[in-house]
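Listing of input_21.csv, CSV, C-alpha atoms
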chain,number,residue,atom,x,y,z
A,218,MET,CA,4.4,8.6,47.8
A,219,ASN,CA,3.2,10.2,44.6
A,220,PRO,CA,3.3,14.0,44.3
A,221,GLN,CA,-0.5,14.4,44.7
A,222,THR,CA,-0.7,12.4,47.9
A,223,ASP,CA,2.4,14.2,49.1
A,224,THR,CA,0.8,17.6,48.6
A,225,GLN,CA,-2.4,16.5,50.3
A,226,GLN,CA,-0.5,15.1,53.2
A,227,ARG,CA,1.6,18.2,53.6
A,228,ILE,CA,-1.6,20.4,53.8
A,229,LEU,CA,-3.0,18.0,56.4
A,230,ASP,CA,0.2,17.9,58.5
A,231,SER,CA,0.5,21.7,58.4
A,232,ALA,CA,-3.2,22.1,59.5
A,233,ARG,CA,-2.7,19.6,62.3
A,234,GLU,CA,0.3,21.4,63.7
A,235,LEU,CA,-1.0,25.0,63.3
A,236,ILE,CA,-4.5,24.3,64.6
A,237,TYR,CA,-3.4,22.2,67.5
A,238,SER,CA,-0.9,24.8,68.7
A,239,ARG,CA,-3.3,27.7,68.4
A,240,SER,CA,-7.0,27.4,67.3
A,241,TYR,CA,-9.2,26.8,64.3
A,242,THR,CA,-10.2,30.4,63.9
A,243,ASP,CA,-6.8,31.8,64.3
A,244,VAL,CA,-5.3,29.8,61.5
A,245,GLY,CA,-6.3,30.7,57.9
A,246,VAL,CA,-6.1,28.8,54.7
A,247,ALA,CA,-3.4,31.2,53.4
A,248,GLU,CA,-1.2,30.4,56.4
A,249,ILE,CA,-1.7,26.6,56.1
A,250,CYS,CA,-0.7,26.9,52.4
A,251,GLU,CA,2.4,28.9,53.2
A,252,HIS,CA,3.4,26.4,55.9
A,253,ALA,CA,2.8,23.5,53.6
A,254,GLY,CA,4.6,25.2,50.7
A,255,VAL,CA,1.6,24.7,48.4
A,256,LYS,CA,-0.5,27.2,46.3
A,257,LYS,CA,-4.0,28.1,47.3
A,258,GLY,CA,-5.5,26.5,44.1
A,259,SER,CA,-3.8,23.3,45.1
A,260,PHE,CA,-5.4,23.5,48.6
A,261,TYR,CA,-8.9,23.8,47.1
A,262,HIS,CA,-8.2,20.9,44.7
A,263,PHE,CA,-7.9,18.6,47.8
A,264,PHE,CA,-10.1,20.3,50.4
A,265,PRO,CA,-13.2,22.3,49.4
A,266,SER,CA,-13.0,24.4,52.7
A,267,LYS,CA,-11.2,24.8,56.0
A,268,GLN,CA,-14.1,23.0,57.6
A,269,LYS,CA,-13.6,19.9,55.4
A,270,LEU,CA,-9.9,20.0,56.0
A,271,THR,CA,-10.5,20.2,59.8
A,272,LEU,CA,-12.9,17.2,59.6
A,273,ALA,CA,-10.0,15.3,58.0
A,274,VAL,CA,-7.6,16.7,60.6
A,275,LEU,CA,-9.8,15.3,63.4
A,276,ASP,CA,-9.9,11.8,61.7
A,277,SER,CA,-6.1,12.0,61.5
A,278,TYR,CA,-5.7,13.0,65.2
A,279,PHE,CA,-8.0,10.2,66.2
A,280,LEU,CA,-6.1,7.6,64.2
A,281,ASP,CA,-2.9,8.5,66.0
A,282,PHE,CA,-4.7,8.7,69.4
A,283,LYS,CA,-6.1,5.3,68.8
A,284,ASN,CA,-2.8,3.7,67.8
A,285,ASP,CA,-0.6,5.5,70.4
A,286,LEU,CA,-2.9,5.6,73.3
A,287,LEU,CA,-6.3,3.8,73.2
A,288,ASP,CA,-5.0,0.5,71.8
A,289,GLN,CA,-2.2,0.5,74.3
A,290,ALA,CA,-4.1,1.6,77.4
A,291,PHE,CA,-7.2,-0.6,76.7
A,292,SER,CA,-5.3,-3.7,75.9
A,293,SER,CA,-7.2,-6.8,77.1
A,294,ARG,CA,-3.9,-8.0,78.6
A,295,LEU,CA,-4.3,-5.4,81.3
A,296,GLU,CA,-6.7,-5.7,84.3
A,297,PRO,CA,-9.7,-3.6,83.5
A,298,LEU,CA,-9.0,-0.8,86.1
A,299,ARG,CA,-5.3,-0.8,85.3
A,300,ARG,CA,-6.3,0.3,81.8
A,301,LEU,CA,-7.5,3.6,83.3
A,302,ASP,CA,-4.2,4.2,85.0
A,303,LYS,CA,-2.4,3.4,81.8
A,304,MET,CA,-4.5,5.9,79.9
A,305,ALA,CA,-3.8,8.6,82.5
A,306,GLU,CA,-0.1,7.8,82.3
A,307,LEU,CA,0.1,7.9,78.5
A,308,VAL,CA,-1.9,11.2,78.4
A,309,TYR,CA,0.5,12.7,80.9
A,310,ARG,CA,3.6,11.5,79.0
A,311,PHE,CA,2.2,12.8,75.7
A,312,GLN,CA,1.5,16.3,77.0
A,313,LYS,CA,4.8,16.4,78.9
A,314,ASN,CA,6.6,15.7,75.6
A,315,ILE,CA,4.8,18.6,73.9
A,316,VAL,CA,5.7,21.0,76.7
A,317,ALA,CA,9.3,19.8,76.5
A,318,ASP,CA,9.3,20.5,72.7
A,319,THR,CA,7.3,23.7,72.6
A,320,GLY,CA,7.2,25.2,76.1
A,321,GLN,CA,3.4,25.1,75.9
A,322,MET,CA,0.7,22.7,77.1
A,323,TYR,CA,-1.5,22.1,74.0
A,324,GLY,CA,-4.2,20.0,75.8
A,325,CYS,CA,-6.6,17.7,74.0
A,326,PRO,CA,-7.0,18.3,70.3
A,327,PHE,CA,-10.6,17.1,70.5
A,328,GLY,CA,-11.6,19.1,73.6
A,329,ASN,CA,-9.9,22.2,72.2
A,330,LEU,CA,-11.9,22.2,69.0
A,331,GLY,CA,-15.1,21.0,70.8
A,332,VAL,CA,-14.9,24.0,73.1
A,333,GLU,CA,-14.0,26.5,70.4
A,334,LEU,CA,-16.5,25.4,67.7
A,335,SER,CA,-19.4,23.5,69.2
A,336,THR,CA,-21.7,26.6,69.0
A,337,GLN,CA,-20.4,27.6,65.6
A,338,ASP,CA,-19.9,24.6,63.4
A,339,GLU,CA,-22.4,21.7,63.6
A,340,PRO,CA,-20.5,19.1,61.5
A,341,ILE,CA,-17.3,19.7,63.5
A,342,ARG,CA,-19.3,19.4,66.7
A,343,GLN,CA,-20.9,16.1,65.6
A,344,LYS,CA,-17.5,14.7,64.5
A,345,ILE,CA,-16.0,15.5,67.9
A,346,SER,CA,-19.0,14.1,69.7
A,347,ALA,CA,-18.6,10.9,67.7
A,348,ILE,CA,-14.9,10.7,68.6
A,349,PHE,CA,-15.7,11.2,72.3
A,350,SER,CA,-18.2,8.3,72.0
A,351,LYS,CA,-15.4,6.0,70.7
A,352,MET,CA,-13.2,7.0,73.6
A,353,LYS,CA,-16.1,6.5,76.0
A,354,SER,CA,-16.7,3.0,74.5
A,355,SER,CA,-13.2,1.9,75.6
A,356,ILE,CA,-13.7,3.1,79.1
A,357,GLN,CA,-17.2,1.5,79.2
A,358,GLN,CA,-15.8,-1.8,78.1
A,359,ALA,CA,-13.2,-1.8,80.8
A,360,LEU,CA,-15.8,-0.8,83.5
A,361,GLN,CA,-18.1,-3.5,82.3
A,362,GLU,CA,-15.4,-6.1,82.7
A,363,ALA,CA,-14.5,-4.8,86.1
A,364,VAL,CA,-18.1,-5.1,87.2
A,365,VAL,CA,-18.4,-8.7,85.8
A,366,GLN,CA,-15.1,-9.7,87.5
A,367,GLY,CA,-16.4,-8.2,90.8
A,368,ASP,CA,-13.6,-5.6,91.0
A,369,ILE,CA,-16.2,-2.9,91.5
A,370,ASP,CA,-19.8,-2.7,92.6
A,371,ALA,CA,-22.7,-2.5,90.2
A,372,ILE,CA,-22.4,1.0,88.9
A,373,ASP,CA,-24.1,2.9,86.1
A,374,VAL,CA,-21.4,1.9,83.5
A,375,ASP,CA,-22.6,4.3,80.9
A,376,ALA,CA,-22.8,7.4,83.1
A,377,THR,CA,-19.5,6.5,84.9
A,378,ALA,CA,-17.7,6.2,81.5
A,379,ASP,CA,-19.1,9.7,80.6
A,380,ALA,CA,-17.9,11.0,83.9
A,381,MET,CA,-14.4,9.6,83.6
A,382,LEU,CA,-14.0,11.0,80.1
A,383,ALA,CA,-15.2,14.4,81.3
A,384,TYR,CA,-12.7,14.2,84.1
A,385,LEU,CA,-9.9,13.4,81.6
A,386,GLU,CA,-10.9,16.4,79.5
A,387,GLY,CA,-11.3,18.7,82.5
A,388,ALA,CA,-7.8,17.7,83.8
A,389,MET,CA,-6.4,18.6,80.4
A,390,LEU,CA,-8.2,21.9,80.4
A,391,MET,CA,-6.9,22.8,83.8
A,392,ALA,CA,-3.4,21.8,83.0
A,393,LYS,CA,-3.5,23.8,79.7
A,394,THR,CA,-4.8,26.9,81.6
A,395,ARG,CA,-2.0,26.6,84.1
A,396,ASN,CA,0.5,25.6,81.3
A,397,ASP,CA,1.6,22.8,83.6
A,398,PRO,CA,1.5,19.1,82.6
A,399,GLU,CA,2.2,18.2,86.3
A,400,VAL,CA,-1.5,19.0,87.0
A,401,LEU,CA,-2.2,15.8,85.1
A,402,ARG,CA,0.2,13.7,87.0
A,403,GLN,CA,-1.2,15.1,90.3
A,404,ILE,CA,-5.0,14.7,89.7
A,405,LEU,CA,-5.5,12.1,87.0
A,406,PRO,CA,-5.0,9.1,89.5
A,407,ALA,CA,-8.5,9.9,90.9
A,408,ILE,CA,-10.1,9.0,87.5
A,409,ARG,CA,-10.4,5.3,88.5
A,410,GLU,CA,-12.3,6.2,91.7
A,411,ILE,CA,-15.1,8.1,89.9
A,412,ARG,CA,-18.5,6.3,90.2
A,413,LEU,CA,-22.1,7.0,89.3
A,414,TYR,CA,-24.7,4.6,90.6
A,415,PRO,CA,-28.1,3.9,89.0
A,416,ALA,CA,-30.0,5.7,91.8
A,417,GLN,CA,-27.9,8.9,91.4
A,418,THR,CA,-28.6,9.2,87.8
A,419,ARG,CA,-32.3,8.4,88.1
A,420,LYS,CA,-32.7,11.5,90.3
A,421,SER,CA,-34.4,14.4,88.5
B,41,MET,CA,-25.5,56.5,84.1
B,42,ASN,CA,-23.6,59.2,82.3
B,43,PRO,CA,-23.1,58.8,78.5
B,44,GLN,CA,-19.4,57.8,78.9
B,45,THR,CA,-20.1,55.0,81.4
B,46,ASP,CA,-23.0,54.0,79.2
B,47,THR,CA,-20.8,53.7,76.1
B,48,GLN,CA,-18.1,51.8,77.9
B,49,GLN,CA,-20.8,49.4,79.4
B,50,ARG,CA,-22.4,48.8,76.0
B,51,ILE,CA,-19.0,47.8,74.6
B,52,LEU,CA,-18.4,45.5,77.5
B,53,ASP,CA,-21.9,43.9,77.3
B,54,SER,CA,-21.6,43.4,73.5
B,55,ALA,CA,-18.2,41.7,73.9
B,56,ARG,CA,-19.5,39.5,76.7
B,57,GLU,CA,-22.3,38.3,74.7
B,58,LEU,CA,-20.5,37.8,71.3
B,59,ILE,CA,-17.4,36.2,72.7
B,60,TYR,CA,-19.3,33.9,75.1
B,61,SER,CA,-21.6,32.7,72.3
B,62,ARG,CA,-18.8,32.1,69.8
B,63,SER,CA,-15.1,32.6,70.6
B,64,TYR,CA,-12.5,35.4,71.1
B,65,THR,CA,-10.9,35.0,67.7
B,66,ASP,CA,-14.1,34.8,65.8
B,67,VAL,CA,-15.3,38.2,67.1
B,68,GLY,CA,-13.6,41.3,65.9
B,69,VAL,CA,-13.5,44.9,67.2
B,70,ALA,CA,-15.6,46.1,64.3
B,71,GLU,CA,-18.4,43.6,65.1
B,72,ILE,CA,-18.3,44.5,68.8
B,73,CYS,CA,-18.7,48.2,67.9
B,74,GLU,CA,-21.5,47.5,65.5
B,75,HIS,CA,-23.4,45.4,68.1
B,76,ALA,CA,-22.8,48.1,70.7
B,77,GLY,CA,-23.8,50.9,68.4
B,78,VAL,CA,-20.5,52.8,69.0
B,79,LYS,CA,-17.8,54.1,66.7
B,80,LYS,CA,-14.4,52.5,66.5
B,81,GLY,CA,-12.7,55.7,67.8
B,82,SER,CA,-14.9,55.5,70.8
B,83,PHE,CA,-13.9,51.8,71.4
B,84,TYR,CA,-10.2,52.7,71.5
B,85,HIS,CA,-10.9,55.6,73.9
B,86,PHE,CA,-12.1,53.0,76.5
B,87,PHE,CA,-10.1,49.9,75.6
B,88,PRO,CA,-6.7,50.0,74.0
B,89,SER,CA,-7.1,46.5,72.4
B,90,LYS,CA,-9.4,43.5,72.2
B,91,GLN,CA,-7.1,41.8,74.6
B,92,LYS,CA,-7.6,44.5,77.3
B,93,LEU,CA,-11.3,44.5,76.7
B,94,THR,CA,-11.3,40.7,77.1
B,95,LEU,CA,-9.5,41.0,80.5
B,96,ALA,CA,-12.3,43.4,81.5
B,97,VAL,CA,-14.9,40.9,80.2
B,98,LEU,CA,-13.4,38.1,82.3
B,99,ASP,CA,-13.5,40.3,85.4
B,100,SER,CA,-17.2,41.1,84.6
B,101,TYR,CA,-18.0,37.4,84.1
B,102,PHE,CA,-16.4,36.5,87.3
B,103,LEU,CA,-18.3,39.2,89.3
B,104,ASP,CA,-21.6,37.7,88.1
B,105,PHE,CA,-20.3,34.2,88.7
B,106,LYS,CA,-19.4,35.1,92.2
B,107,ASN,CA,-22.7,36.8,93.0
B,108,ASP,CA,-25.0,34.3,91.2
B,109,LEU,CA,-23.2,31.1,92.0
B,110,LEU,CA,-20.2,31.0,94.3
B,111,ASP,CA,-21.7,33.1,97.1
B,112,GLN,CA,-24.9,31.1,97.0
B,113,ALA,CA,-23.4,27.7,96.7
B,114,PHE,CA,-20.6,28.2,99.2
B,115,SER,CA,-22.7,29.9,101.9
B,116,SER,CA,-21.5,28.9,105.4
B,117,ARG,CA,-25.1,28.1,106.2
B,118,LEU,CA,-24.9,25.0,104.1
B,119,GLU,CA,-23.1,21.8,105.2
B,120,PRO,CA,-19.7,21.7,103.5
B,121,LEU,CA,-20.4,18.8,101.1
B,122,ARG,CA,-23.9,20.1,100.3
B,123,ARG,CA,-22.2,23.2,98.9
B,124,LEU,CA,-20.7,21.1,96.1
B,125,ASP,CA,-24.2,19.7,95.3
B,126,LYS,CA,-25.5,23.3,95.3
B,127,MET,CA,-22.7,24.4,92.9
B,128,ALA,CA,-23.5,21.5,90.6
B,129,GLU,CA,-27.2,22.3,90.7
B,130,LEU,CA,-26.7,26.1,90.0
B,131,VAL,CA,-24.3,25.4,87.1
B,132,TYR,CA,-26.8,23.0,85.5
B,133,ARG,CA,-29.6,25.5,85.9
B,134,PHE,CA,-27.6,28.3,84.4
B,135,GLN,CA,-26.6,26.3,81.4
B,136,LYS,CA,-30.1,25.0,80.9
B,137,ASN,CA,-31.4,28.5,80.8
B,138,ILE,CA,-28.9,29.5,78.1
B,139,VAL,CA,-30.0,26.5,76.0
B,140,ALA,CA,-33.6,27.4,76.5
B,141,ASP,CA,-32.9,30.9,75.3
B,142,THR,CA,-30.4,30.2,72.4
B,143,GLY,CA,-30.7,26.5,71.5
B,144,GLN,CA,-27.0,26.2,72.3
B,145,MET,CA,-24.9,25.1,75.2
B,146,TYR,CA,-22.3,27.8,75.8
B,147,GLY,CA,-20.3,26.1,78.5
B,148,CYS,CA,-18.0,27.8,81.0
B,149,PRO,CA,-16.9,31.3,79.9
B,150,PHE,CA,-13.5,30.8,81.7
B,151,GLY,CA,-12.9,27.3,80.4
B,152,ASN,CA,-13.8,28.4,76.9
B,153,LEU,CA,-11.3,31.2,76.8
B,154,GLY,CA,-8.7,29.2,78.7
B,155,VAL,CA,-8.8,26.4,76.1
B,156,GLU,CA,-8.9,28.8,73.1
B,157,LEU,CA,-6.2,31.2,74.2
B,158,SER,CA,-3.8,29.7,76.8
B,159,THR,CA,-1.1,28.9,74.1
B,160,GLN,CA,-1.6,32.3,72.5
B,161,ASP,CA,-2.2,35.0,75.0
B,162,GLU,CA,-0.2,35.0,78.2
B,163,PRO,CA,-2.1,37.8,80.1
B,164,ILE,CA,-5.4,36.2,79.4
B,165,ARG,CA,-4.1,32.8,80.4
B,166,GLN,CA,-2.9,34.2,83.7
B,167,LYS,CA,-6.2,36.0,84.3
B,168,ILE,CA,-8.2,32.8,83.8
B,169,SER,CA,-5.7,30.8,85.9
B,170,ALA,CA,-6.2,33.4,88.7
B,171,ILE,CA,-10.0,33.0,88.4
B,172,PHE,CA,-9.7,29.3,88.6
B,173,SER,CA,-7.7,29.7,91.8
B,174,LYS,CA,-10.5,31.7,93.3
B,175,MET,CA,-13.1,29.0,92.4
B,176,LYS,CA,-10.7,26.4,93.8
B,177,SER,CA,-10.4,28.3,97.1
B,178,SER,CA,-14.2,28.1,97.7
B,179,ILE,CA,-14.0,24.3,97.1
B,180,GLN,CA,-10.9,24.0,99.2
B,181,GLN,CA,-12.6,25.8,102.1
B,182,ALA,CA,-15.6,23.5,102.0
B,183,LEU,CA,-13.4,20.4,101.9
B,184,GLN,CA,-11.3,21.7,104.8
B,185,GLU,CA,-14.4,22.2,106.9
B,186,ALA,CA,-15.7,18.7,105.9
B,187,VAL,CA,-12.4,17.2,107.1
B,188,VAL,CA,-12.4,19.1,110.4
B,189,GLN,CA,-16.0,18.0,111.0
B,190,GLY,CA,-15.1,14.4,110.3
B,191,ASP,CA,-17.5,14.2,107.3
B,192,ILE,CA,-14.6,12.9,105.1
B,193,ASP,CA,-11.3,11.2,105.8
B,194,ALA,CA,-8.0,13.1,105.7
B,195,ILE,CA,-7.6,13.9,102.0
B,196,ASP,CA,-5.2,16.0,100.1
B,197,VAL,CA,-7.5,19.1,100.2
B,198,ASP,CA,-5.5,21.1,97.7
B,199,ALA,CA,-5.3,18.3,95.1
B,200,THR,CA,-8.9,17.3,95.6
B,201,ALA,CA,-10.1,20.8,95.1
B,202,ASP,CA,-8.1,20.9,91.8
B,203,ALA,CA,-9.6,17.6,90.8
B,204,MET,CA,-13.2,18.8,91.6
B,205,LEU,CA,-12.8,22.0,89.6
B,206,ALA,CA,-11.3,20.0,86.7
B,207,TYR,CA,-14.3,17.7,86.8
B,208,LEU,CA,-16.7,20.6,86.7
B,209,GLU,CA,-14.9,22.1,83.7
B,210,GLY,CA,-14.7,18.7,82.0
B,211,ALA,CA,-18.4,18.1,82.5
B,212,MET,CA,-19.1,21.5,80.9
B,213,LEU,CA,-16.9,20.7,78.0
B,214,MET,CA,-18.6,17.3,77.4
B,215,ALA,CA,-22.1,18.9,77.7
B,216,LYS,CA,-21.1,21.7,75.3
B,217,THR,CA,-19.7,19.2,72.7
B,218,ARG,CA,-22.9,17.2,72.9
B,219,ASN,CA,-25.0,20.4,73.0
B,220,ASP,CA,-26.9,18.8,75.9
B,221,PRO,CA,-27.1,20.4,79.4
B,222,GLU,CA,-28.6,17.1,80.7
B,223,VAL,CA,-25.1,15.7,80.7
B,224,LEU,CA,-24.4,18.0,83.6
B,225,ARG,CA,-27.4,16.8,85.6
B,226,GLN,CA,-26.4,13.2,84.9
B,227,ILE,CA,-22.7,13.3,85.8
B,228,LEU,CA,-22.1,16.3,88.1
B,229,PRO,CA,-23.4,14.4,91.2
B,230,ALA,CA,-20.2,12.4,91.2
B,231,ILE,CA,-18.2,15.6,92.0
B,232,ARG,CA,-18.6,15.2,95.8
B,233,GLU,CA,-17.1,11.7,95.7
B,234,ILE,CA,-13.8,12.7,94.1
B,235,ARG,CA,-10.9,12.2,96.4
B,236,LEU,CA,-7.1,12.5,96.3
B,237,TYR,CA,-5.1,11.2,99.2
B,238,PRO,CA,-1.6,12.5,100.2
B,239,ALA,CA,0.0,9.1,99.2
B,240,GLN,CA,-1.5,9.3,95.7
B,241,THR,CA,-0.2,12.7,95.0
B,242,ARG,CA,3.2,12.0,96.5
B,243,LYS,CA,3.8,9.3,93.9
B,244,SER,CA,6.3,10.4,91.2

Give the structure from this file in structure tokens form.
Amino acid sequence: MNPQTDTQQRILDSARELIYSRSYTDVGVAEICEHAGVKKGSFYHFFPSKQKLTLAVLDSYFLDFKNDLLDQAFSSRLEPLRRLDKMAELVYRFQKNIVADTGQMYGCPFGNLGVELSTQDEPIRQKISAIFSKMKSSIQQALQEAVVQGDIDAIDVDATADAMLAYLEGAMLMAKTRNDPEVLRQILPAIREIRLYPAQTRKS
Amino acid sequence: MNPQTDTQQRILDSARELIYSRSYTDVGVAEICEHAGVKKGSFYHFFPSKQKLTLAVLDSYFLDFKNDLLDQAFSSRLEPLRRLDKMAELVYRFQKNIVADTGQMYGCPFGNLGVELSTQDEPIRQKISAIFSKMKSSIQQALQEAVVQGDIDAIDVDATADAMLAYLEGAMLMAKTRNDPEVLRQILPAIREIRLYPAQTRKS
């Protein structure tokens, strides 16, 4: 790694760690620089603002999430509905490891920032919304295959994928608020049973 | 109202509004005082810290939530499972009104602060966890009655109530991140179908 890339990466890594463990607003640029061992001028050479850095942090979280979780859980070698179980299991294991390391349940990096910043920062809200859409696509694809194979009845695949993603995020929120990853192990198995049917969502 | 009570109430009301629309960390004591039209000395006469004020804010949110939502949705005059529909409907209407007024989806005041502060402020985390327990009790009671009446099979009432509350919180999180209360109308109907059975939660 050349020194430039290394400095940029250190800033990104420090921001990832500090923001994930606390919040966006609680972590300032000065603290990120100190943690990364870089000067403020250097920070602004790579990132024009904390907002822009956080957009890069979100991309970086998603890349890891995709490699470590989505690509494994939503492998086409697994039966469609088994992919949901696998996602639940990997999410639980990931959070459990964080608690083992830090004593705290950090929750979902996307949900955390979505809740904290959606009313305050439109580009960050849009980025998180786009990440949720990608997560939803994986679920949607699995559900579509399950319908085609006849594993489940004709559901509203789009709304059900939204509902399952919401459930995953809500389980993470509850587990974080109780500081107990076992909440995930206990309630996430219900994710595969969530269904919305065309008639339900047509109600208004 | 005497002037003392009035000052205290104005501080509380300002904090409620500012924190709910943004976040805990983004709102400082100086801004709360300015919004409430009170001097800083006066603030510290009533509240020793922003943390203590926020604990009072949470009690105040919960009182309104109980009066406007819980007591109406979980009325014993409604059939047990209809109470869940009613809760979903009232949550949707409440959020839709906020969006109509402000253009923004604020989400759940308890979930917002739980996500933002659970790793950072133990008394606030515990307060929110206790509020979630009260919300869960209402759901649990409805489920218990539904089981006794034979409306639903023998479920794990405790785990299912957790799962339903998590789903409500997750739906709010998704709707906030998309800044679209219609997400609630679309996916919340599935809440009454969520089930966890003793065998599922006994797995380990």

Problem set entry | Counting all atoms listed in the file, chain A residues within 7 Å of chain B, as a ChimeraX atom specification | /A:238-240,242-243,321,323,329,331-333,335-337,342,346,376,380,383-384,386-388,390-391,393-395,403-404,407,411-413,418

Written file, previous selection with C-alpha atoms, as a PDB file, in the frame of the given file:
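Wrote selection.pdb, looks like this:
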ATOM      1  CA  SER A 238      -0.900  24.800  68.700  1.00  0.00           C
ATOM      2  CA  ARG A 239      -3.300  27.700  68.400  1.00  0.00           C
ATOM      3  CA  SER A 240      -7.000  27.400  67.300  1.00  0.00           C
ATOM      4  CA  THR A 242     -10.200  30.400  63.900  1.00  0.00           C
ATOM      5  CA  ASP A 243      -6.800  31.800  64.300  1.00  0.00           C
ATOM      6  CA  GLN A 321       3.400  25.100  75.900  1.00  0.00           C
ATOM      7  CA  TYR A 323      -1.500  22.100  74.000  1.00  0.00           C
ATOM      8  CA  ASN A 329      -9.900  22.200  72.200  1.00  0.00           C
ATOM      9  CA  GLY A 331     -15.100  21.000  70.800  1.00  0.00           C
ATOM     10  CA  VAL A 332     -14.900  24.000  73.100  1.00  0.00           C
ATOM     11  CA  GLU A 333     -14.000  26.500  70.400  1.00  0.00           C
ATOM     12  CA  SER A 335     -19.400  23.500  69.200  1.00  0.00           C
ATOM     13  CA  THR A 336     -21.700  26.600  69.000  1.00  0.00           C
ATOM     14  CA  GLN A 337     -20.400  27.600  65.600  1.00  0.00           C
ATOM     15  CA  ARG A 342     -19.300  19.400  66.700  1.00  0.00           C
ATOM     16  CA  SER A 346     -19.000  14.100  69.700  1.00  0.00           C
ATOM     17  CA  ALA A 376     -22.800   7.400  83.100  1.00  0.00           C
ATOM     18  CA  ALA A 380     -17.900  11.000  83.900  1.00  0.00           C
ATOM     19  CA  ALA A 383     -15.200  14.400  81.300  1.00  0.00           C
ATOM     20  CA  TYR A 384     -12.700  14.200  84.100  1.00  0.00           C
ATOM     21  CA  GLU A 386     -10.900  16.400  79.500  1.00  0.00           C
ATOM     22  CA  GLY A 387     -11.300  18.700  82.500  1.00  0.00           C
ATOM     23  CA  ALA A 388      -7.800  17.700  83.800  1.00  0.00           C
ATOM     24  CA  LEU A 390      -8.200  21.900  80.400  1.00  0.00           C
ATOM     25  CA  MET A 391      -6.900  22.800  83.800  1.00  0.00           C
ATOM     26  CA  LYS A 393      -3.500  23.800  79.700  1.00  0.00           C
ATOM     27  CA  THR A 394      -4.800  26.900  81.600  1.00  0.00           C
ATOM     28  CA  ARG A 395      -2.000  26.600  84.100  1.00  0.00           C
ATOM     29  CA  GLN A 403      -1.200  15.100  90.300  1.00  0.00           C
ATOM     30  CA  ILE A 404      -5.000  14.700  89.700  1.00  0.00           C
ATOM     31  CA  ALA A 407      -8.500   9.900  90.900  1.00  0.00           C
ATOM     32  CA  ILE A 411     -15.100   8.100  89.900  1.00  0.00           C
ATOM     33  CA  ARG A 412     -18.500   6.300  90.200  1.00  0.00           C
ATOM     34  CA  LEU A 413     -22.100   7.000  89.300  1.00  0.00           C
ATOM     35  CA  THR A 418     -28.600   9.200  87.800  1.00  0.00           C
TER      36      THR A 418
END

Exercise. Skipping near chain neighbours, those fewer than 6 positions away, what residues fall within 12 Å of A:Gly258 using all atoms listed in the file, listed as a list in words?
Worked result: Thr224, Val246, Ala247, Cys250, Phe264, Pro265 and Ser266 of chain A

Problem set entry | Nearest to B:Ile59, chosen from B:Ile192, B:Val97, B:Ala76, B:Ala182, with all atoms listed in the file counted in the distances |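 Going through B:Ile192, B:Val97, B:Ala76, B:Ala182 one by one, the smallest distance to B:Ile59 is for B:Val97.
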
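For the pair atom CA of A:Pro415 and atom CA of A:Gln358, the separation is 17.4 Å.
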
Problem set entry | Coordinates-based distance that separates atom CA of B:Ser173 from atom CA of B:Ser116 (Å, one decimal) |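 Atom-to-atom, atom CA of B:Ser116 to atom CA of B:Ser173, that is 19.4 Å.
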
Exercise. Can you tell me, as a list in words, what residues are no more than 12 Å from A:Glu251 when counting all atoms listed in the file, ignoring any on the same chain fewer than 3 positions away?
Worked result: Arg227, Ile228, Ser231, Ala232, Leu235, Val244, Gly245, Val246, Ala247, Glu248, Gly254, Val255, Lys256, Lys257, Ser259 and Phe260 of chain A

Problem set entry | Answer as a list in words, residues within 9 Å of (-8.5, 2.6, 81.1) using only C-alpha atoms |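 Residues lying no farther than 9 Å from the given point: Leu287, Ala290, Phe291, Ser292, Pro297, Leu298, Arg299, Arg300, Leu301, Asp302, Lys303, Met304, Ala305, Ser355, Ile356, Gln357, Ala359, Leu360 and Arg409 of chain A.
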
I need the chosen residues saved as a short mmCIF file (atom, residue, chain, number, x, y, z; two decimals), in the frame of the given file, with C-alpha atoms.
data_model
loop_
_atom_site.label_atom_id
_atom_site.label_comp_id
_atom_site.auth_asym_id
_atom_site.auth_seq_id
_atom_site.Cartn_x
_atom_site.Cartn_y
_atom_site.Cartn_z
CA LEU A 287 -6.30 3.80 73.20
CA ALA A 290 -4.10 1.60 77.40
CA PHE A 291 -7.20 -0.60 76.70
CA SER A 292 -5.30 -3.70 75.90
CA PRO A 297 -9.70 -3.60 83.50
CA LEU A 298 -9.00 -0.80 86.10
CA ARG A 299 -5.30 -0.80 85.30
CA ARG A 300 -6.30 0.30 81.80
CA LEU A 301 -7.50 3.60 83.30
CA ASP A 302 -4.20 4.20 85.00
CA LYS A 303 -2.40 3.40 81.80
CA MET A 304 -4.50 5.90 79.90
CA ALA A 305 -3.80 8.60 82.50
CA SER A 355 -13.20 1.90 75.60
CA ILE A 356 -13.70 3.10 79.10
CA GLN A 357 -17.20 1.50 79.20
CA ALA A 359 -13.20 -1.80 80.80
CA LEU A 360 -15.80 -0.80 83.50
CA ARG A 409 -10.40 5.30 88.50
#

Problem set entry | Atomic separation - atom CA of B:Lys174 relative to atom CA of B:Leu118, Å | 19.2 Å

For this session: Would you list the contacts of A:Leu229 as number ranges by chain, taking every protein, DNA or RNA residue within 9 Å and counting only C-alpha atoms, but skipping same-chain residues closer than 6 positions in sequence?
Result: A: 249, 253, 270-271, 273-274, 277

Exercise. From the list B:Met175, B:Gly190, B:Asp220, B:Arg56, which residue is nearest B:Tyr101 when using all atoms listed in the file?
Worked result: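 For B:Tyr101, the nearest of the candidates is B:Arg56.
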
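With only C-alpha atoms as the basis for measurement, A:Pro398 is the residue among A:Pro398, A:Pro340, A:Asp375, A:Val364 that approaches A:Gln312 most closely.
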